[in-house]
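A.B. asks: Got a structure for you, work_15.tsv, holding TSV, C-alpha atoms.
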chain	number	residue	atom	x	y	z
A	1	MET	CA	-12.04	-12.51	-18.51
A	2	LYS	CA	-9.86	-10.62	-16.04
A	3	THR	CA	-6.11	-11.18	-16.18
A	4	ILE	CA	-4.56	-12.98	-13.21
A	5	PRO	CA	-2.31	-10.23	-11.83
A	6	SER	CA	1.43	-10.43	-11.42
A	7	LEU	CA	4.18	-7.99	-10.46
A	8	THR	CA	7.76	-8.48	-11.61
A	9	LEU	CA	10.88	-6.59	-10.53
A	10	SER	CA	13.64	-7.17	-13.03
A	11	ARG	CA	17.27	-6.24	-12.26
A	12	LEU	CA	16.09	-3.14	-10.42
A	13	GLY	CA	18.69	-0.65	-9.22
A	14	CYS	CA	18.57	2.57	-7.20
A	15	SER	CA	21.05	5.24	-6.10
A	16	LYS	CA	20.63	8.40	-4.07
A	17	GLY	CA	23.03	11.31	-3.69
A	18	GLY	CA	25.60	9.50	-5.79
A	19	ARG	CA	25.47	6.41	-3.54
A	20	GLN	CA	24.23	3.06	-4.84
A	21	LEU	CA	21.50	1.78	-2.52
A	22	PHE	CA	20.78	-1.53	-4.25
A	23	LYS	CA	21.10	-3.18	-7.65
A	24	ASP	CA	20.01	-6.25	-9.60
A	25	VAL	CA	16.85	-6.80	-7.53
A	26	ASP	CA	14.73	-9.58	-9.03
A	27	CYS	CA	11.36	-10.73	-7.74
A	28	ARG	CA	8.03	-12.01	-9.06
A	29	LEU	CA	4.77	-11.75	-7.16
A	30	GLN	CA	1.52	-13.41	-8.27
A	31	ALA	CA	-2.14	-13.33	-7.25
A	32	GLY	CA	-2.63	-14.15	-3.56
A	33	GLN	CA	1.01	-13.46	-2.63
A	34	TRP	CA	2.64	-10.72	-0.59
A	35	LEU	CA	6.16	-9.40	-0.51
A	36	SER	CA	7.89	-8.29	2.68
A	37	VAL	CA	10.66	-5.79	1.86
A	38	ALA	CA	13.28	-5.95	4.59
A	39	GLY	CA	16.69	-4.47	5.25
A	40	ALA	CA	18.60	-2.01	7.41
A	41	ASN	CA	17.52	1.61	7.69
A	42	GLY	CA	18.74	3.65	4.74
A	43	VAL	CA	19.11	0.70	2.38
A	44	GLY	CA	16.29	1.89	0.13
A	45	LYS	CA	13.07	0.16	1.24
A	46	THR	CA	10.87	3.24	0.80
A	47	SER	CA	12.67	4.09	-2.45
A	48	LEU	CA	11.83	0.63	-3.78
A	49	LEU	CA	8.18	1.04	-2.86
A	50	ARG	CA	8.05	4.44	-4.57
A	51	MET	CA	9.47	2.84	-7.71
A	52	VAL	CA	6.83	0.12	-7.59
A	53	CYS	CA	4.22	2.89	-7.39
A	54	ASP	CA	5.75	4.70	-10.39
A	55	LEU	CA	6.47	7.71	-8.16
A	56	ALA	CA	10.24	7.56	-8.68
A	57	PRO	CA	12.34	6.32	-11.60
A	58	ALA	CA	14.63	3.33	-11.31
A	59	ASP	CA	18.30	3.81	-12.19
A	60	SER	CA	18.26	0.47	-13.93
A	61	GLY	CA	15.97	-2.46	-14.59
A	62	ASP	CA	12.23	-2.65	-15.09
A	63	ILE	CA	8.97	-3.09	-13.23
A	64	LEU	CA	6.31	-5.14	-15.01
A	65	TRP	CA	2.61	-5.46	-14.27
A	66	ASN	CA	1.04	-8.50	-15.91
A	67	ASP	CA	4.32	-8.98	-17.83
A	68	THR	CA	4.17	-5.51	-19.44
A	69	PRO	CA	6.46	-2.66	-18.32
A	70	VAL	CA	4.61	-0.21	-16.09
A	71	LYS	CA	6.00	2.72	-18.11
A	72	LEU	CA	3.95	1.50	-21.09
A	73	GLN	CA	0.64	1.33	-19.18
A	74	ARG	CA	0.81	4.01	-16.49
A	75	ASP	CA	-2.88	4.97	-16.45
A	76	SER	CA	-4.26	1.44	-16.23
A	77	TYR	CA	-1.57	0.43	-13.74
A	78	ARG	CA	-2.46	3.24	-11.37
A	79	GLN	CA	-6.09	2.13	-11.46
A	80	ASP	CA	-4.89	-1.25	-10.17
A	81	LEU	CA	-2.68	0.27	-7.45
A	82	CYS	CA	-3.37	1.52	-3.93
A	83	TYR	CA	-0.40	3.10	-2.14
A	84	LEU	CA	-0.30	4.09	1.51
A	85	GLY	CA	2.92	5.59	2.83
A	86	HIS	CA	3.99	5.98	6.43
A	87	LEU	CA	2.51	9.49	6.24
A	88	ASN	CA	-1.28	9.56	6.34
A	89	ALA	CA	-1.72	12.05	3.45
A	90	LEU	CA	-4.97	13.41	4.84
A	91	GLN	CA	-6.43	16.89	4.34
A	92	GLU	CA	-6.54	18.27	7.88
A	93	SER	CA	-9.18	20.89	7.05
A	94	MET	CA	-11.61	18.31	5.61
A	95	SER	CA	-13.87	15.95	7.48
A	96	VAL	CA	-13.17	12.24	7.75
A	97	ILE	CA	-15.81	11.26	5.20
A	98	GLU	CA	-14.77	14.08	2.83
A	99	ASN	CA	-11.23	12.69	2.87
A	100	LEU	CA	-12.47	9.23	1.96
A	101	ALA	CA	-14.74	10.52	-0.80
A	102	PHE	CA	-11.95	12.69	-2.22
A	103	THR	CA	-9.34	9.93	-2.39
A	104	GLN	CA	-11.82	7.48	-3.89
A	105	ALA	CA	-12.80	10.05	-6.53
A	106	LEU	CA	-9.12	10.33	-7.49
A	107	ALA	CA	-9.13	6.55	-7.93
A	108	GLY	CA	-12.19	6.76	-10.17
A	109	SER	CA	-14.58	5.36	-7.57
A	110	ALA	CA	-17.68	6.80	-5.90
A	111	PRO	CA	-18.64	4.71	-2.84
A	112	THR	CA	-21.96	5.48	-1.21
A	113	ALA	CA	-22.11	7.35	2.09
A	114	ARG	CA	-23.55	4.19	3.63
A	115	HIS	CA	-20.60	2.11	2.48
A	116	MET	CA	-18.10	4.65	3.81
A	117	GLN	CA	-19.93	4.81	7.14
A	118	ALA	CA	-19.78	1.01	7.39
A	119	VAL	CA	-16.03	1.02	6.73
A	120	LEU	CA	-15.45	3.73	9.35
A	121	THR	CA	-17.43	1.68	11.86
A	122	ARG	CA	-15.30	-1.35	11.04
A	123	PHE	CA	-12.18	0.73	11.77
A	124	GLY	CA	-13.49	1.92	15.12
A	125	LEU	CA	-14.43	5.40	13.84
A	126	ARG	CA	-18.17	5.29	14.27
A	127	GLY	CA	-19.55	8.77	14.88
A	128	ARG	CA	-16.38	10.44	13.54
A	129	SER	CA	-17.39	10.83	9.89
A	130	GLN	CA	-18.17	14.57	10.10
A	131	GLN	CA	-15.26	15.42	12.39
A	132	LEU	CA	-12.40	17.45	10.95
A	133	VAL	CA	-9.24	15.37	10.61
A	134	ARG	CA	-7.21	17.96	12.52
A	135	HIS	CA	-9.19	17.11	15.66
A	136	LEU	CA	-8.36	13.39	15.57
A	137	SER	CA	-5.61	11.64	17.51
A	138	GLN	CA	-2.66	10.21	15.57
A	139	GLY	CA	-4.05	6.70	15.97
A	140	GLN	CA	-7.44	7.78	14.64
A	141	LYS	CA	-5.83	9.53	11.68
A	142	ARG	CA	-3.96	6.34	10.88
A	143	ARG	CA	-7.22	4.38	10.94
A	144	VAL	CA	-8.82	6.88	8.55
A	145	ALA	CA	-5.88	6.54	6.15
A	146	LEU	CA	-5.95	2.75	6.28
A	147	SER	CA	-9.72	2.57	5.88
A	148	ARG	CA	-9.11	3.55	2.25
A	149	LEU	CA	-7.96	-0.01	1.68
A	150	ALA	CA	-11.39	-1.38	2.51
A	151	LEU	CA	-12.87	0.91	-0.15
A	152	SER	CA	-10.25	0.21	-2.80
A	153	ALA	CA	-10.84	-2.02	-5.82
A	154	ALA	CA	-7.11	-2.02	-6.64
A	155	ARG	CA	-5.50	-5.44	-6.99
A	156	LEU	CA	-2.04	-4.30	-5.84
A	157	TRP	CA	-1.60	-2.77	-2.39
A	158	VAL	CA	1.74	-1.13	-1.57
A	159	LEU	CA	2.07	-0.29	2.12
A	160	ASP	CA	4.98	1.50	3.80
A	161	GLU	CA	5.00	0.78	7.57
A	162	PRO	CA	1.19	0.33	7.69
A	163	TYR	CA	1.08	-0.59	11.39
A	164	VAL	CA	2.65	2.66	12.64
A	165	ALA	CA	0.61	4.41	15.38
A	166	MET	CA	-1.84	1.50	15.55
A	167	ASP	CA	-2.89	-0.23	18.77
A	168	GLU	CA	-3.06	-4.03	19.04
A	169	ALA	CA	-6.70	-4.18	17.93
A	170	GLY	CA	-6.01	-1.94	14.95
A	171	ILE	CA	-3.00	-4.01	13.92
A	172	GLN	CA	-5.08	-7.20	13.93
A	173	LEU	CA	-7.89	-5.48	12.01
A	174	LEU	CA	-5.48	-4.39	9.31
A	175	ALA	CA	-3.77	-7.77	9.16
A	176	ASP	CA	-7.17	-9.44	8.66
A	177	LEU	CA	-8.01	-6.93	5.91
A	178	ILE	CA	-4.76	-7.63	4.04
A	179	ALA	CA	-5.28	-11.39	4.42
A	180	SER	CA	-8.79	-11.07	2.97
A	181	HIS	CA	-7.37	-9.08	0.04
A	182	LEU	CA	-4.90	-11.90	-0.64
A	183	ASP	CA	-7.65	-14.52	-0.31
A	184	GLN	CA	-9.48	-12.73	-3.13
A	185	GLY	CA	-6.46	-12.89	-5.43
A	186	GLY	CA	-4.95	-9.52	-4.60
A	187	LEU	CA	-1.24	-8.79	-4.13
A	188	ALA	CA	0.55	-6.77	-1.45
A	189	VAL	CA	4.02	-5.29	-1.05
A	190	LEU	CA	4.90	-3.90	2.35
A	191	THR	CA	7.60	-2.84	4.75
A	192	SER	CA	7.11	-3.22	8.48
A	193	HIS	CA	9.24	-3.35	11.60
A	194	GLN	CA	6.49	-5.46	13.15
A	195	LYS	CA	6.09	-9.08	12.14
A	196	VAL	CA	2.34	-9.61	11.86
A	197	PRO	CA	1.01	-12.93	10.50
A	198	LEU	CA	-1.46	-12.78	7.62
A	199	GLY	CA	-3.36	-16.00	8.15
A	200	ARG	CA	-2.25	-18.81	5.88
A	201	HIS	CA	-0.29	-16.43	3.64
A	202	GLN	CA	3.46	-16.69	4.13
A	203	PRO	CA	5.51	-13.80	2.78
A	204	LEU	CA	8.08	-13.75	0.05
A	205	VAL	CA	10.95	-11.89	1.66
A	206	LEU	CA	13.10	-9.45	-0.26
A	207	GLU	CA	16.14	-8.52	1.82
A	208	LEU	CA	17.73	-5.37	0.46
A	209	LYS	CA	21.45	-5.01	0.99
A	210	ALA	CA	23.78	-2.16	0.20
A	211	ALA	CA	25.36	-2.55	-3.21
Written as structure tokens, that's how I'd like the structure from this file.
C.D. replies:
Amino acid sequence: MKTIPSLTLSRLGCSKGGRQLFKDVDCRLQAGQWLSVAGANGVGKTSLLRMVCDLAPADSGDILWNDTPVKLQRDSYRQDLCYLGHLNALQESMSVIENLAFTQALAGSAPTARHMQAVLTRFGLRGRSQQLVRHLSQGQKRRVALSRLALSAARLWVLDEPYVAMDEAGIQLLADLIASHLDQGGLAVLTSHQKVPLGRHQPLVLELKAA
């Protein structure tokens, strides 16, 4: 029986360049919930997301996945995590479908070419699968990066400004995808300057303030 997932931030603190960004951040997220991380520029929103992804250490406090500290279960935690930053992190010299296959292989997954083609079609990239990423527009590159979500089996999605460089149709497509993930018992943590509704799912809001 699969564990019902939960993410807990316990008295989390962060500093950069000798300056305290935030401290004593507490939050608990459970299956079907999403967390909106808000706050002024420079307050540490991206730093918090990187900590959640185990990409940067916290100055204080702990991050727990299913009530166990992430630092004690790094390998299994990363299998349950899908992180997309505001940068697309695509290999410009590879084709669209090669990028998808490569990132899924890193996640321990091997989707079929047919499945990847279907996802690309869903994201408005039909006929682009063999095109080199360097020849795509910024909006198309963003769609390729975000199409990874539709291929991911991870239960926790962490998204830093996911709607950047997306048109109105793309924004709605992504919002629907996140809502579907939550409907299936997934969790999401995201930052966004755009307020996009996710169906019936209301956010938990974490407002970061300078310490």
A.B. asks: So which residues touch region 126-142 of chain A within 6 Å, counting all atoms listed in the file, skipping near sequence neighbours fewer than 2 positions away, as a VMD selection string?
C.D. replies: chain A and resid 92 94 to 97 120 to 121 124 144 to 145 165 to 166
A.B. asks: Go through A:Pro197, A:Pro5, A:Gly39, A:Gly170 one by one, measure the shortest atom-to-atom distance of each to Asp67 (chain A) using only C-alpha atoms, and give the residue with the smallest value.
C.D. replies: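 When distances to Asp67 (chain A) are compared using only C-alpha atoms, the smallest one comes from A:Pro5.
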A.B. asks: Go through region 136-177 of chain A residue by residue and, counting all atoms listed in the file, keep those with an atom at most 9 Å from region 70-91 of chain A; for each kept residue give the shortest atom pair and its distance in Å to one decimal, ordered by chain and increasing number, as JSON lines.
C.D. replies:
{"residue": "A:Lys141", "atom": "CA", "partner": "A:Asn88", "partner_atom": "CA", "distance": 7.0}
{"residue": "A:Arg142", "atom": "CA", "partner": "A:Asn88", "partner_atom": "CA", "distance": 6.2}
{"residue": "A:Val144", "atom": "CA", "partner": "A:Asn88", "partner_atom": "CA", "distance": 8.3}
{"residue": "A:Ala145", "atom": "CA", "partner": "A:Asn88", "partner_atom": "CA", "distance": 5.5}
{"residue": "A:Leu146", "atom": "CA", "partner": "A:Leu84", "partner_atom": "CA", "distance": 7.5}
{"residue": "A:Arg148", "atom": "CA", "partner": "A:Cys82", "partner_atom": "CA", "distance": 8.7}
{"residue": "A:Leu149", "atom": "CA", "partner": "A:Cys82", "partner_atom": "CA", "distance": 7.4}
{"residue": "A:Ser152", "atom": "CA", "partner": "A:Cys82", "partner_atom": "CA", "distance": 7.1}
{"residue": "A:Ala153", "atom": "CA", "partner": "A:Asp80", "partner_atom": "CA", "distance": 7.4}
{"residue": "A:Ala154", "atom": "CA", "partner": "A:Asp80", "partner_atom": "CA", "distance": 4.2}
{"residue": "A:Arg155", "atom": "CA", "partner": "A:Asp80", "partner_atom": "CA", "distance": 5.3}
{"residue": "A:Leu156", "atom": "CA", "partner": "A:Leu81", "partner_atom": "CA", "distance": 4.9}
{"residue": "A:Trp157", "atom": "CA", "partner": "A:Cys82", "partner_atom": "CA", "distance": 4.9}
{"residue": "A:Val158", "atom": "CA", "partner": "A:Tyr83", "partner_atom": "CA", "distance": 4.8}
{"residue": "A:Leu159", "atom": "CA", "partner": "A:Leu84", "partner_atom": "CA", "distance": 5.0}
{"residue": "A:Asp160", "atom": "CA", "partner": "A:Gly85", "partner_atom": "CA", "distance": 4.7}
{"residue": "A:Glu161", "atom": "CA", "partner": "A:His86", "partner_atom": "CA", "distance": 5.4}
{"residue": "A:Pro162", "atom": "CA", "partner": "A:His86", "partner_atom": "CA", "distance": 6.4}
{"residue": "A:Tyr163", "atom": "CA", "partner": "A:His86", "partner_atom": "CA", "distance": 8.7}
{"residue": "A:Val164", "atom": "CA", "partner": "A:His86", "partner_atom": "CA", "distance": 7.2}
A.B. asks: Just the number, please: distance in Å from CA of Gln30 (chain A) to CA of Ala179 (chain A), one decimal.
C.D. replies: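 Atom-to-atom, CA of Gln30 (chain A) and CA of Ala179 (chain A) are spaced 14.5 Å apart.
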A.B. asks: What's the 10 Å shell around region 32-37 of chain A, counting all atoms listed in the file, without same-chain residues fewer than 4 positions away, as a ChimeraX atom specification?
C.D. replies: /A:4-6,27-28,44-46,48-49,155-160,178-192,195,198,201-208
A.B. asks: What is the distance, in Å and to one decimal place, between CA of Ala58 (chain A) and CA of Thr3 (chain A)?
C.D. replies: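 Pair CA of Ala58 (chain A) / CA of Thr3 (chain A) returns 25.8 Å.
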A.B. asks: Quick one: everything within 12 Å of Ser47 (chain A), counting all atoms listed in the file, minus sequence neighbours fewer than 6 positions away in the same chain. Send it as a CSV table (one decimal) with C-alpha atoms, in the frame of the given file.
C.D. replies:
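Once everything was written out, this is result26.csv:
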chain,number,residue,atom,x,y,z
A,12,LEU,CA,16.1,-3.1,-10.4
A,13,GLY,CA,18.7,-0.6,-9.2
A,14,CYS,CA,18.6,2.6,-7.2
A,15,SER,CA,21.0,5.2,-6.1
A,16,LYS,CA,20.6,8.4,-4.1
A,20,GLN,CA,24.2,3.1,-4.8
A,21,LEU,CA,21.5,1.8,-2.5
A,22,PHE,CA,20.8,-1.5,-4.2
A,37,VAL,CA,10.7,-5.8,1.9
A,41,ASN,CA,17.5,1.6,7.7
A,53,CYS,CA,4.2,2.9,-7.4
A,54,ASP,CA,5.8,4.7,-10.4
A,55,LEU,CA,6.5,7.7,-8.2
A,56,ALA,CA,10.2,7.6,-8.7
A,57,PRO,CA,12.3,6.3,-11.6
A,58,ALA,CA,14.6,3.3,-11.3
A,59,ASP,CA,18.3,3.8,-12.2
A,85,GLY,CA,2.9,5.6,2.8
A,160,ASP,CA,5.0,1.5,3.8
A,191,THR,CA,7.6,-2.8,4.8
A,208,LEU,CA,17.7,-5.4,0.5
A.B. asks: Go ahead and compute the interatomic distance for CA of Ala31 (chain A) and CA of Leu106 (chain A), in Å to one decimal.
C.D. replies: 24.7 Å
A.B. asks: Find the residue from A:Leu29, A:Ala169, A:Ala210, A:Ala113 that sits nearest to Ile63 (chain A); use all atoms listed in the file when measuring.
C.D. replies: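 Of A:Leu29, A:Ala169, A:Ala210, A:Ala113, the one nearest Ile63 (chain A) is A:Leu29, counting all atoms listed in the file.
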A.B. asks: Which residues, written as a ChimeraX atom specification, have at least one atom at most 8 Å from Arg11 (chain A), with only C-alpha atoms counted and residues fewer than 3 positions away on the same chain left out?
C.D. replies: /A:23-26,60-62
A.B. asks: Quick one: residues within 10 Å of Arg122 (chain A), all atoms listed in the file counted, chain neighbours fewer than 2 positions away excluded, as a ChimeraX atom specification?
C.D. replies: /A:116-120,124-126,143,147,150,173
